[in-house]
$ cat structure32.json   # JSON, C-alpha atoms
[["chain", "number", "residue", "atom", "x", "y", "z"],
["A", 186, "THR", "CA", -12.15, 30.38, 21.54],
["A", 187, "ILE", "CA", -10.83, 31.74, 24.85],
["A", 188, "TRP", "CA", -8.01, 33.95, 23.50],
["A", 189, "GLU", "CA", -7.05, 35.34, 20.12],
["A", 190, "LYS", "CA", -4.89, 37.98, 18.51],
["A", 191, "GLU", "CA", -5.53, 39.21, 14.99],
["A", 192, "ASN", "CA", -3.68, 41.24, 12.32],
["A", 193, "LEU", "CA", -0.30, 39.63, 12.97],
["A", 194, "ASP", "CA", 0.94, 39.39, 9.36],
["A", 195, "TYR", "CA", 1.65, 35.68, 8.88],
["A", 196, "PRO", "CA", 2.19, 34.54, 12.49],
["A", 197, "TRP", "CA", 4.07, 31.29, 11.85],
["A", 198, "ALA", "CA", 5.64, 30.85, 15.30],
["A", 199, "VAL", "CA", 4.09, 30.94, 18.77],
["A", 200, "GLN", "CA", 4.97, 30.05, 22.36],
["A", 201, "ARG", "CA", 2.78, 30.32, 25.46],
["A", 202, "LEU", "CA", 4.92, 31.33, 28.43],
["A", 203, "ASP", "CA", 4.60, 30.19, 32.05],
["A", 204, "ASN", "CA", 3.39, 33.66, 33.05],
["A", 205, "GLY", "CA", 0.44, 33.40, 30.66],
["A", 206, "ASN", "CA", 1.90, 35.71, 28.03],
["A", 207, "THR", "CA", 2.21, 34.63, 24.40],
["A", 208, "VAL", "CA", 5.21, 35.22, 22.14],
["A", 209, "ILE", "CA", 4.40, 35.37, 18.43],
["A", 210, "GLY", "CA", 6.75, 35.58, 15.46],
["A", 211, "SER", "CA", 5.61, 37.24, 12.25],
["A", 212, "TYR", "CA", 6.98, 35.93, 8.97],
["A", 213, "ARG", "CA", 5.98, 38.73, 6.62],
["A", 214, "GLY", "CA", 6.20, 41.46, 9.26],
["A", 215, "LYS", "CA", 9.73, 40.36, 10.31],
["A", 216, "TYR", "CA", 9.11, 40.90, 14.01],
["A", 217, "VAL", "CA", 8.61, 39.00, 17.25],
["A", 218, "ALA", "CA", 6.24, 40.31, 19.92],
["A", 219, "GLU", "CA", 4.94, 39.31, 23.33],
["A", 220, "PHE", "CA", 1.32, 39.83, 24.42],
["A", 221, "ASN", "CA", -0.25, 39.55, 27.85],
["A", 222, "PRO", "CA", -3.50, 37.62, 28.49],
["A", 223, "GLN", "CA", -5.48, 40.80, 27.78],
["A", 224, "GLY", "CA", -3.95, 40.97, 24.31],
["A", 225, "GLU", "CA", -1.79, 43.99, 25.10],
["A", 226, "GLU", "CA", 1.67, 44.11, 23.55],
["A", 227, "VAL", "CA", 4.34, 44.14, 26.27],
["A", 228, "TRP", "CA", 7.47, 43.56, 24.17],
["A", 229, "ARG", "CA", 8.54, 43.71, 20.54],
["A", 230, "LYS", "CA", 11.63, 43.37, 18.41],
["A", 231, "GLY", "CA", 11.13, 44.49, 14.84],
["A", 232, "ASP", "CA", 13.22, 45.08, 11.73],
["A", 233, "LEU", "CA", 14.59, 41.55, 11.86],
["A", 234, "PRO", "CA", 16.78, 40.46, 8.94],
["A", 235, "GLY", "CA", 14.26, 37.80, 7.92],
["A", 236, "GLY", "CA", 10.81, 36.38, 8.49],
["A", 237, "VAL", "CA", 10.25, 34.39, 11.69],
["A", 238, "PHE", "CA", 9.33, 30.74, 11.24],
["A", 239, "GLY", "CA", 10.46, 29.35, 14.61],
["A", 240, "LEU", "CA", 11.04, 30.73, 18.08],
["A", 241, "GLN", "CA", 11.91, 29.76, 21.64],
["A", 242, "ARG", "CA", 11.93, 32.04, 24.68],
["A", 243, "LEU", "CA", 14.77, 30.94, 26.94],
["A", 244, "GLU", "CA", 14.83, 30.92, 30.74],
["A", 245, "ASN", "CA", 17.23, 33.90, 30.76],
["A", 246, "GLY", "CA", 14.71, 36.01, 28.84],
["A", 247, "ASN", "CA", 16.50, 35.78, 25.50],
["A", 248, "THR", "CA", 14.67, 34.54, 22.41],
["A", 249, "VAL", "CA", 16.01, 32.19, 19.73],
["A", 250, "LEU", "CA", 14.57, 32.78, 16.25],
["A", 251, "GLY", "CA", 14.66, 30.82, 13.01],
["A", 252, "LEU", "CA", 14.75, 33.41, 10.22],
["A", 253, "HIS", "CA", 13.70, 31.51, 7.12],
["A", 254, "ASN", "CA", 14.55, 33.75, 4.18],
["A", 255, "ALA", "CA", 17.63, 35.24, 5.90],
["A", 256, "LYS", "CA", 19.13, 31.75, 6.33],
["A", 257, "LYS", "CA", 19.96, 32.63, 9.93],
["A", 258, "VAL", "CA", 19.25, 31.50, 13.45],
["A", 259, "ILE", "CA", 19.71, 34.31, 15.94],
["A", 260, "GLU", "CA", 19.42, 34.80, 19.69],
["A", 261, "ILE", "CA", 18.27, 38.20, 20.88],
["A", 262, "SER", "CA", 18.25, 39.61, 24.40],
["A", 263, "TYR", "CA", 15.17, 41.16, 25.98],
["A", 264, "ALA", "CA", 16.81, 44.51, 25.20],
["A", 265, "GLY", "CA", 16.70, 43.54, 21.52],
["A", 266, "GLU", "CA", 20.42, 42.99, 21.00],
["A", 267, "THR", "CA", 21.65, 40.07, 18.89],
["A", 268, "VAL", "CA", 23.89, 38.00, 21.20],
["A", 269, "TRP", "CA", 24.38, 34.97, 18.94],
["A", 270, "GLU", "CA", 23.79, 34.02, 15.34],
["A", 271, "VAL", "CA", 24.63, 31.35, 12.81],
["A", 272, "THR", "CA", 24.08, 31.25, 9.06],
["A", 273, "LEU", "CA", 22.74, 27.97, 7.69],
["A", 274, "ASP", "CA", 21.99, 27.08, 4.08],
["A", 275, "GLY", "CA", 18.60, 25.50, 3.69],
["A", 276, "GLN", "CA", 16.24, 28.12, 5.17],
["A", 277, "PRO", "CA", 15.83, 27.60, 8.96],
["A", 278, "MET", "CA", 12.35, 27.02, 10.31],
["A", 279, "GLY", "CA", 11.80, 25.31, 13.68],
["A", 280, "VAL", "CA", 14.49, 25.84, 16.35],
["A", 281, "GLN", "CA", 15.23, 24.57, 19.86],
["A", 282, "ARG", "CA", 18.06, 25.48, 22.21],
["A", 283, "LEU", "CA", 19.26, 22.39, 24.09],
["A", 284, "THR", "CA", 20.46, 22.15, 27.68],
["A", 285, "ASN", "CA", 24.04, 21.56, 26.46],
["A", 286, "GLY", "CA", 24.03, 24.91, 24.65],
["A", 287, "ASN", "CA", 23.62, 23.44, 21.18],
["A", 288, "THR", "CA", 20.70, 24.30, 18.91],
["A", 289, "VAL", "CA", 18.64, 21.99, 16.70],
["A", 290, "VAL", "CA", 17.23, 23.49, 13.50],
["A", 291, "ALA", "CA", 14.82, 22.24, 10.86],
["A", 292, "LEU", "CA", 16.11, 23.29, 7.43],
["A", 293, "HIS", "CA", 13.22, 23.76, 5.02],
["A", 294, "SER", "CA", 14.89, 23.60, 1.61],
["A", 295, "GLY", "CA", 17.85, 21.64, 2.98],
["A", 296, "ASN", "CA", 15.47, 18.73, 3.68],
["A", 297, "LYS", "CA", 17.28, 17.91, 6.92],
["A", 298, "VAL", "CA", 17.54, 18.68, 10.61],
["A", 299, "VAL", "CA", 20.88, 19.73, 12.08],
["A", 300, "GLU", "CA", 22.29, 20.28, 15.54],
["A", 301, "VAL", "CA", 24.90, 23.03, 15.77],
["A", 302, "ASP", "CA", 27.20, 23.88, 18.66],
["A", 303, "PRO", "CA", 27.73, 27.48, 19.87],
["A", 304, "THR", "CA", 30.42, 28.00, 17.21],
["A", 305, "GLY", "CA", 27.97, 27.02, 14.44],
["A", 306, "LYS", "CA", 29.59, 23.65, 13.75],
["A", 307, "VAL", "CA", 27.16, 20.89, 12.74],
["A", 308, "VAL", "CA", 27.56, 18.08, 15.28],
["A", 309, "TRP", "CA", 24.52, 15.95, 14.32],
["A", 310, "GLN", "CA", 22.11, 15.75, 11.43],
["A", 311, "VAL", "CA", 19.42, 13.63, 9.87],
["A", 312, "GLY", "CA", 18.30, 13.81, 6.26],
["A", 313, "ASN", "CA", 15.91, 12.14, 3.81],
["A", 314, "LEU", "CA", 13.20, 14.58, 4.87],
["A", 315, "LYS", "CA", 10.91, 16.61, 2.65],
["A", 316, "ILE", "CA", 10.47, 20.22, 3.80],
["A", 317, "PRO", "CA", 10.85, 19.68, 7.56],
["A", 318, "ARG", "CA", 9.19, 22.54, 9.44],
["A", 319, "THR", "CA", 9.59, 21.82, 13.16],
["A", 320, "VAL", "CA", 11.94, 19.95, 15.45],
["A", 321, "GLN", "CA", 11.80, 18.85, 19.10],
["A", 322, "ARG", "CA", 14.59, 17.12, 20.99],
["A", 323, "LEU", "CA", 12.90, 14.74, 23.40],
["A", 324, "ASP", "CA", 13.94, 13.89, 26.96],
["A", 325, "ASN", "CA", 15.10, 10.42, 25.82],
["A", 326, "GLY", "CA", 17.54, 11.95, 23.34],
["A", 327, "ASN", "CA", 15.41, 11.21, 20.29],
["A", 328, "THR", "CA", 14.34, 13.94, 17.87],
["A", 329, "LEU", "CA", 10.75, 14.53, 16.69],
["A", 330, "VAL", "CA", 10.33, 16.24, 13.31],
["A", 331, "GLY", "CA", 7.33, 17.70, 11.52],
["A", 332, "ASP", "CA", 8.15, 16.33, 8.05],
["A", 333, "SER", "CA", 5.79, 18.52, 6.07],
["A", 334, "SER", "CA", 5.62, 17.22, 2.51],
["A", 335, "ASN", "CA", 6.05, 13.60, 3.61],
["A", 336, "ARG", "CA", 2.87, 14.24, 5.61],
["A", 337, "ARG", "CA", 4.19, 12.71, 8.80],
["A", 338, "ALA", "CA", 5.50, 13.29, 12.27],
["A", 339, "VAL", "CA", 8.65, 11.20, 12.58],
["A", 340, "GLU", "CA", 10.93, 10.37, 15.52],
["A", 341, "PHE", "CA", 14.62, 9.55, 15.08],
["A", 342, "ASP", "CA", 16.98, 8.03, 17.62],
["A", 343, "PRO", "CA", 20.50, 9.51, 18.06],
["A", 344, "ASP", "CA", 21.80, 7.18, 15.31],
["A", 345, "GLY", "CA", 19.29, 8.61, 12.83],
["A", 346, "LYS", "CA", 17.06, 5.53, 12.81],
["A", 347, "VAL", "CA", 13.30, 6.02, 12.53],
["A", 348, "VAL", "CA", 11.74, 4.66, 15.73],
["A", 349, "TRP", "CA", 8.21, 6.09, 15.33],
["A", 350, "SER", "CA", 6.14, 7.88, 12.72],
["A", 351, "HIS", "CA", 2.55, 8.82, 12.05],
["A", 352, "GLU", "CA", 1.15, 9.94, 8.71],
["A", 353, "VAL", "CA", -1.74, 12.37, 8.26],
["A", 354, "LYS", "CA", -3.86, 13.36, 5.26],
["A", 355, "GLY", "CA", -2.37, 16.81, 4.64],
["A", 356, "SER", "CA", 0.94, 18.59, 5.01],
["A", 357, "VAL", "CA", 2.39, 18.62, 8.54],
["A", 358, "TYR", "CA", 3.20, 22.10, 9.85],
["A", 359, "ASP", "CA", 4.06, 21.18, 13.45],
["A", 360, "ALA", "CA", 4.62, 18.10, 15.61],
["A", 361, "ARG", "CA", 4.96, 18.24, 19.38],
["A", 362, "ARG", "CA", 5.38, 15.40, 21.89],
["A", 363, "LEU", "CA", 3.18, 15.92, 24.94],
["A", 364, "SER", "CA", 4.08, 15.04, 28.53],
["A", 365, "ASN", "CA", 1.78, 11.99, 28.51],
["A", 366, "GLY", "CA", 3.55, 10.48, 25.48],
["A", 367, "ASN", "CA", 0.93, 11.45, 22.93],
["A", 368, "THR", "CA", 1.85, 13.60, 19.92],
["A", 369, "LEU", "CA", 0.14, 16.81, 18.83],
["A", 370, "ILE", "CA", 0.24, 17.25, 15.05],
["A", 371, "SER", "CA", -1.05, 20.31, 13.19],
["A", 372, "GLY", "CA", -1.17, 20.98, 9.50],
["A", 373, "SER", "CA", -3.10, 21.87, 6.39],
["A", 374, "VAL", "CA", -6.24, 19.93, 7.34],
["A", 375, "GLY", "CA", -6.35, 20.51, 11.10],
["A", 376, "VAL", "CA", -5.01, 19.33, 14.43],
["A", 377, "VAL", "CA", -4.87, 15.81, 15.83],
["A", 378, "ILE", "CA", -3.51, 14.17, 18.95],
["A", 379, "VAL", "CA", -2.36, 10.57, 18.53],
["A", 380, "THR", "CA", -1.16, 7.95, 20.98],
["A", 381, "PRO", "CA", 2.17, 6.09, 20.58],
["A", 382, "SER", "CA", 0.20, 3.29, 18.89],
["A", 383, "GLY", "CA", -1.25, 5.77, 16.36],
["A", 384, "GLU", "CA", -4.78, 6.00, 17.74],
["A", 385, "THR", "CA", -6.41, 9.41, 17.29],
["A", 386, "VAL", "CA", -7.73, 10.65, 20.64],
["A", 387, "TRP", "CA", -8.57, 14.24, 19.63],
["A", 388, "ASN", "CA", -9.24, 15.91, 16.30],
["A", 389, "LYS", "CA", -10.05, 19.47, 15.25],
["A", 390, "PRO", "CA", -10.57, 20.06, 11.50],
["A", 391, "ILE", "CA", -9.25, 23.62, 11.08],
["A", 392, "SER", "CA", -7.68, 24.55, 7.76],
["A", 393, "GLY", "CA", -4.02, 25.60, 7.71],
["A", 394, "VAL", "CA", -2.95, 25.44, 11.39],
["A", 395, "GLY", "CA", 0.69, 26.53, 11.46],
["A", 396, "ARG", "CA", 1.32, 25.90, 15.16],
["A", 397, "ALA", "CA", -0.65, 24.29, 17.97],
["A", 398, "VAL", "CA", 0.20, 24.36, 21.69],
["A", 399, "ARG", "CA", -1.38, 22.19, 24.39],
["A", 400, "PHE", "CA", -1.22, 23.74, 27.87]]
$ encode --input "structure32.json" --output "structure tokens"
Amino acid sequence: TIWEKENLDYPWAVQRLDNGNTVIGSYRGKYVAEFNPQGEEVWRKGDLPGGVFGLQRLENGNTVLGLHNAKKVIEISYAGETVWEVTLDGQPMGVQRLTNGNTVVALHSGNKVVEVDPTGKVVWQVGNLKIPRTVQRLDNGNTLVGDSSNRRAVEFDPDGKVVWSHEVKGSVYDARRLSNGNTLISGSVGVVIVTPSGETVWNKPISGVGRAVRF
């Protein structure tokens, strides 16, 4: 262990920034906070309307949050002001702001992933999932989903066709495509990295890993 932060009250979302700081979202504490490499808190937004299950710090300094039990996705400025929000049935979890201004969202109880435009209109979706927790739009236009209760990481093309999947032994809490084409999968029984052919090249058996970041 080279860095850790304790007493975060269900930290279900995390992002390591380019400056070495770490942004963490607390589900039960209903806050998002940023810590420097020394573990000192340098920014916080509390009293959120719901628990944080997904987050993304944007290049402009704003932060997009998936607020699970509030059924909202919001964007807050560094000053803490809400500059955008959308209400979505199905309990938002993982979120990602796309380069075209749209946002993809994994909907936990909705059992689907949706893409919404800035007005909140659903412009793309894929279903037949079982408690999807995380979503990543890939550079090739495909979408990678951590399909929790189906115990798989699954990739869909823009037409909604499954083009790749990998099953694991426990529930999947996060799935992230790495720059070398491998996929980082974390979940109830640990963390694995698998190749496109499904070969496991790294494995760490840690119980209940909500998020994992390779950097």
$ axis_aligned_box --input "structure32.json" --around "stretch 254-266 of chain A" --padding-each-side "3 Å" --output "lines of an AutoDock Vina configuration file"
center_x = 17.5
center_y = 38.0
center_z = 15.1
size_x = 11.9
size_y = 19.0
size_z = 27.8
$ residues_near_point --input "structure32.json" --point "(8.3, 38.1, 23.6)" --cutoff "6 Å" --atoms "all atoms listed in the file" --output "short mmCIF file (atom, residue, chain, number, x, y, z; two decimals) with C-alpha atoms, in the frame of the given file"
data_model
loop_
_atom_site.label_atom_id
_atom_site.label_comp_id
_atom_site.auth_asym_id
_atom_site.auth_seq_id
_atom_site.Cartn_x
_atom_site.Cartn_y
_atom_site.Cartn_z
CA VAL A 208 5.21 35.22 22.14
CA ALA A 218 6.24 40.31 19.92
CA GLU A 219 4.94 39.31 23.33
CA TRP A 228 7.47 43.56 24.17
#
$ atom_distance --input "structure32.json" --atom1 "atom CA of A:Arg361" --atom2 "atom CA of A:Thr267"
27.5 Å
$ residues_near_point --input "structure32.json" --point "(10.5, 41.0, 21.7)" --cutoff "10 Å" --atoms "only C-alpha atoms" --output "list in words"
Val208, Ile209, Gly210, Tyr216, Val217, Ala218, Glu219, Phe220, Glu226, Val227, Trp228, Arg229, Lys230, Gly231, Arg242, Gly246, Asn247, Thr248, Ile261, Ser262, Tyr263, Ala264 and Gly265 of chain A
$ closest_residue --input "structure32.json" --among "A:Gln241, A:Ser333, A:Thr186, A:Thr380" --to "A:Ala198" --atoms "only C-alpha atoms"
A:Gln241
$ residues_around --input "structure32.json" --residues "A:Lys346" --least-positions-apart "2" --cutoff "12 Å" --atoms "all atoms listed in the file" --output "ChimeraX atom specification"
/A:310-313,327-329,339-344,348-350
$ write_last_selection --input "structure32.json" --atoms "C-alpha atoms" --output "PDB file, in the frame of the given file"
ATOM      1  CA  GLN A 310      22.110  15.750  11.430  1.00  0.00           C
ATOM      2  CA  VAL A 311      19.420  13.630   9.870  1.00  0.00           C
ATOM      3  CA  GLY A 312      18.300  13.810   6.260  1.00  0.00           C
ATOM      4  CA  ASN A 313      15.910  12.140   3.810  1.00  0.00           C
ATOM      5  CA  ASN A 327      15.410  11.210  20.290  1.00  0.00           C
ATOM      6  CA  THR A 328      14.340  13.940  17.870  1.00  0.00           C
ATOM      7  CA  LEU A 329      10.750  14.530  16.690  1.00  0.00           C
ATOM      8  CA  VAL A 339       8.650  11.200  12.580  1.00  0.00           C
ATOM      9  CA  GLU A 340      10.930  10.370  15.520  1.00  0.00           C
ATOM     10  CA  PHE A 341      14.620   9.550  15.080  1.00  0.00           C
ATOM     11  CA  ASP A 342      16.980   8.030  17.620  1.00  0.00           C
ATOM     12  CA  PRO A 343      20.500   9.510  18.060  1.00  0.00           C
ATOM     13  CA  ASP A 344      21.800   7.180  15.310  1.00  0.00           C
ATOM     14  CA  VAL A 348      11.740   4.660  15.730  1.00  0.00           C
ATOM     15  CA  TRP A 349       8.210   6.090  15.330  1.00  0.00           C
ATOM     16  CA  SER A 350       6.140   7.880  12.720  1.00  0.00           C
TER      17      SER A 350
END
$ residues_around --input "structure32.json" --residues "A:Ser356" --least-positions-apart "3" --cutoff "6 Å" --atoms "all atoms listed in the file" --output "list in words"
Ser333, Ser334, Arg336, Gly372 and Ser373 of chain A
$ residues_around --input "structure32.json" --residues "stretch 232-237 of chain A" --least-positions-apart "5" --cutoff "6 Å" --atoms "only C-alpha atoms" --output "list in words"
Gly210, Ser211, Tyr212, Arg213, Lys215, Tyr216, Gly251, Leu252, His253, Asn254 and Ala255 of chain A
$ closest_residue --input "structure32.json" --among "A:Glu266, A:Asp302, A:His351, A:Asn296" --to "A:Arg282" --atoms "only C-alpha atoms"
A:Asp302
$ atom_distance --input "structure32.json" --atom1 "atom CA of A:Glu270" --atom2 "atom CA of A:Asn192"
28.6 Å
$ atom_distance --input "structure32.json" --atom1 "atom CA of A:Leu202" --atom2 "atom CA of A:Trp269"
22.0 Å
$ decode --input "structure32.json" --residues "stretch 352-363 of chain A" --atoms "all heavy atoms" --output "PDB file, in the first residue's frame"
ATOM      1  N   GLU A 352     -16.755 -13.027 -17.926  1.00  0.00           N
ATOM      2  CA  GLU A 352     -17.425 -13.336 -16.670  1.00  0.00           C
ATOM      3  C   GLU A 352     -16.396 -13.586 -15.565  1.00  0.00           C
ATOM      4  O   GLU A 352     -15.303 -14.091 -15.814  1.00  0.00           O
ATOM      5  CB  GLU A 352     -18.325 -14.557 -16.825  1.00  0.00           C
ATOM      6  CG  GLU A 352     -19.494 -14.341 -17.779  1.00  0.00           C
ATOM      7  CD  GLU A 352     -20.436 -15.536 -17.842  1.00  0.00           C
ATOM      8  OE1 GLU A 352     -20.197 -16.515 -17.103  1.00  0.00           O
ATOM      9  OE2 GLU A 352     -21.386 -15.479 -18.618  1.00  0.00           O
ATOM     10  N   VAL A 353     -16.787 -13.211 -14.333  1.00  0.00           N
ATOM     11  CA  VAL A 353     -15.952 -13.462 -13.164  1.00  0.00           C
ATOM     12  C   VAL A 353     -16.776 -14.229 -12.127  1.00  0.00           C
ATOM     13  O   VAL A 353     -17.979 -14.419 -12.300  1.00  0.00           O
ATOM     14  CB  VAL A 353     -15.420 -12.139 -12.568  1.00  0.00           C
ATOM     15  CG1 VAL A 353     -14.504 -11.436 -13.556  1.00  0.00           C
ATOM     16  CG2 VAL A 353     -16.569 -11.225 -12.157  1.00  0.00           C
ATOM     17  N   LYS A 354     -16.131 -14.639 -11.036  1.00  0.00           N
ATOM     18  CA  LYS A 354     -16.813 -15.479 -10.060  1.00  0.00           C
ATOM     19  C   LYS A 354     -17.825 -14.716  -9.217  1.00  0.00           C
ATOM     20  O   LYS A 354     -18.863 -15.258  -8.848  1.00  0.00           O
ATOM     21  CB  LYS A 354     -15.767 -16.139  -9.154  1.00  0.00           C
ATOM     22  CG  LYS A 354     -14.894 -17.170  -9.860  1.00  0.00           C
ATOM     23  CD  LYS A 354     -13.916 -17.821  -8.896  1.00  0.00           C
ATOM     24  CE  LYS A 354     -13.067 -18.869  -9.603  1.00  0.00           C
ATOM     25  NZ  LYS A 354     -12.091 -19.510  -8.686  1.00  0.00           N
ATOM     26  N   GLY A 355     -17.532 -13.464  -8.877  1.00  0.00           N
ATOM     27  CA  GLY A 355     -18.436 -12.699  -8.025  1.00  0.00           C
ATOM     28  C   GLY A 355     -19.099 -11.559  -8.768  1.00  0.00           C
ATOM     29  O   GLY A 355     -18.981 -11.423  -9.988  1.00  0.00           O
ATOM     30  N   SER A 356     -19.802 -10.722  -8.013  1.00  0.00           N
ATOM     31  CA  SER A 356     -20.452  -9.558  -8.598  1.00  0.00           C
ATOM     32  C   SER A 356     -19.404  -8.574  -9.116  1.00  0.00           C
ATOM     33  O   SER A 356     -18.355  -8.386  -8.501  1.00  0.00           O
ATOM     34  CB  SER A 356     -21.324  -8.857  -7.555  1.00  0.00           C
ATOM     35  OG  SER A 356     -22.357  -9.709  -7.114  1.00  0.00           O
ATOM     36  N   VAL A 357     -19.705  -7.932 -10.243  1.00  0.00           N
ATOM     37  CA  VAL A 357     -18.800  -6.935 -10.822  1.00  0.00           C
ATOM     38  C   VAL A 357     -19.206  -5.553 -10.320  1.00  0.00           C
ATOM     39  O   VAL A 357     -20.358  -5.142 -10.487  1.00  0.00           O
ATOM     40  CB  VAL A 357     -18.832  -6.976 -12.363  1.00  0.00           C
ATOM     41  CG1 VAL A 357     -18.050  -5.803 -12.951  1.00  0.00           C
ATOM     42  CG2 VAL A 357     -18.257  -8.293 -12.860  1.00  0.00           C
ATOM     43  N   TYR A 358     -18.268  -4.844  -9.709  1.00  0.00           N
ATOM     44  CA  TYR A 358     -18.533  -3.492  -9.229  1.00  0.00           C
ATOM     45  C   TYR A 358     -17.967  -2.418 -10.160  1.00  0.00           C
ATOM     46  O   TYR A 358     -18.408  -1.274 -10.126  1.00  0.00           O
ATOM     47  CB  TYR A 358     -17.946  -3.312  -7.836  1.00  0.00           C
ATOM     48  CG  TYR A 358     -18.567  -4.177  -6.772  1.00  0.00           C
ATOM     49  CD1 TYR A 358     -17.900  -4.464  -5.585  1.00  0.00           C
ATOM     50  CD2 TYR A 358     -19.838  -4.727  -6.949  1.00  0.00           C
ATOM     51  CE1 TYR A 358     -18.470  -5.259  -4.607  1.00  0.00           C
ATOM     52  CE2 TYR A 358     -20.417  -5.531  -5.978  1.00  0.00           C
ATOM     53  CZ  TYR A 358     -19.725  -5.798  -4.805  1.00  0.00           C
ATOM     54  OH  TYR A 358     -20.291  -6.586  -3.836  1.00  0.00           O
ATOM     55  N   ASP A 359     -16.980  -2.762 -10.971  1.00  0.00           N
ATOM     56  CA  ASP A 359     -16.387  -1.783 -11.878  1.00  0.00           C
ATOM     57  C   ASP A 359     -15.698  -2.517 -13.018  1.00  0.00           C
ATOM     58  O   ASP A 359     -15.135  -3.601 -12.816  1.00  0.00           O
ATOM     59  CB  ASP A 359     -15.377  -0.912 -11.131  1.00  0.00           C
ATOM     60  CG  ASP A 359     -14.917   0.301 -11.925  1.00  0.00           C
ATOM     61  OD1 ASP A 359     -15.566   0.632 -12.941  1.00  0.00           O
ATOM     62  OD2 ASP A 359     -13.915   0.923 -11.533  1.00  0.00           O
ATOM     63  N   ALA A 360     -15.740  -1.918 -14.207  1.00  0.00           N
ATOM     64  CA  ALA A 360     -15.012  -2.443 -15.365  1.00  0.00           C
ATOM     65  C   ALA A 360     -14.429  -1.260 -16.113  1.00  0.00           C
ATOM     66  O   ALA A 360     -15.136  -0.290 -16.407  1.00  0.00           O
ATOM     67  CB  ALA A 360     -15.934  -3.248 -16.279  1.00  0.00           C
ATOM     68  N   ARG A 361     -13.137  -1.330 -16.411  1.00  0.00           N
ATOM     69  CA  ARG A 361     -12.446  -0.207 -17.031  1.00  0.00           C
ATOM     70  C   ARG A 361     -11.484  -0.726 -18.091  1.00  0.00           C
ATOM     71  O   ARG A 361     -10.649  -1.587 -17.828  1.00  0.00           O
ATOM     72  CB  ARG A 361     -11.660   0.550 -15.960  1.00  0.00           C
ATOM     73  CG  ARG A 361     -11.224   1.932 -16.317  1.00  0.00           C
ATOM     74  CD  ARG A 361     -12.335   2.898 -16.521  1.00  0.00           C
ATOM     75  NE  ARG A 361     -13.462   2.767 -15.595  1.00  0.00           N
ATOM     76  CZ  ARG A 361     -14.582   3.449 -15.704  1.00  0.00           C
ATOM     77  NH1 ARG A 361     -14.739   4.301 -16.703  1.00  0.00           N
ATOM     78  NH2 ARG A 361     -15.550   3.296 -14.848  1.00  0.00           N
ATOM     79  N   ARG A 362     -11.615  -0.227 -19.325  1.00  0.00           N
ATOM     80  CA  ARG A 362     -10.722  -0.590 -20.408  1.00  0.00           C
ATOM     81  C   ARG A 362      -9.429   0.219 -20.279  1.00  0.00           C
ATOM     82  O   ARG A 362      -9.450   1.439 -20.176  1.00  0.00           O
ATOM     83  CB  ARG A 362     -11.396  -0.338 -21.752  1.00  0.00           C
ATOM     84  CG  ARG A 362     -10.584  -0.687 -22.988  1.00  0.00           C
ATOM     85  CD  ARG A 362     -10.261  -2.177 -23.113  1.00  0.00           C
ATOM     86  NE  ARG A 362     -11.370  -3.065 -22.880  1.00  0.00           N
ATOM     87  CZ  ARG A 362     -12.349  -3.340 -23.770  1.00  0.00           C
ATOM     88  NH1 ARG A 362     -12.313  -2.782 -24.979  1.00  0.00           N
ATOM     89  NH2 ARG A 362     -13.323  -4.174 -23.465  1.00  0.00           N
ATOM     90  N   LEU A 363      -8.309  -0.462 -20.300  1.00  0.00           N
ATOM     91  CA  LEU A 363      -7.008   0.177 -20.166  1.00  0.00           C
ATOM     92  C   LEU A 363      -6.465   0.573 -21.530  1.00  0.00           C
ATOM     93  O   LEU A 363      -6.939   0.109 -22.569  1.00  0.00           O
ATOM     94  CB  LEU A 363      -6.036  -0.768 -19.458  1.00  0.00           C
ATOM     95  CG  LEU A 363      -6.493  -1.279 -18.083  1.00  0.00           C
ATOM     96  CD1 LEU A 363      -5.451  -2.230 -17.505  1.00  0.00           C
ATOM     97  CD2 LEU A 363      -6.752  -0.120 -17.129  1.00  0.00           C
TER      98      LEU A 363
END
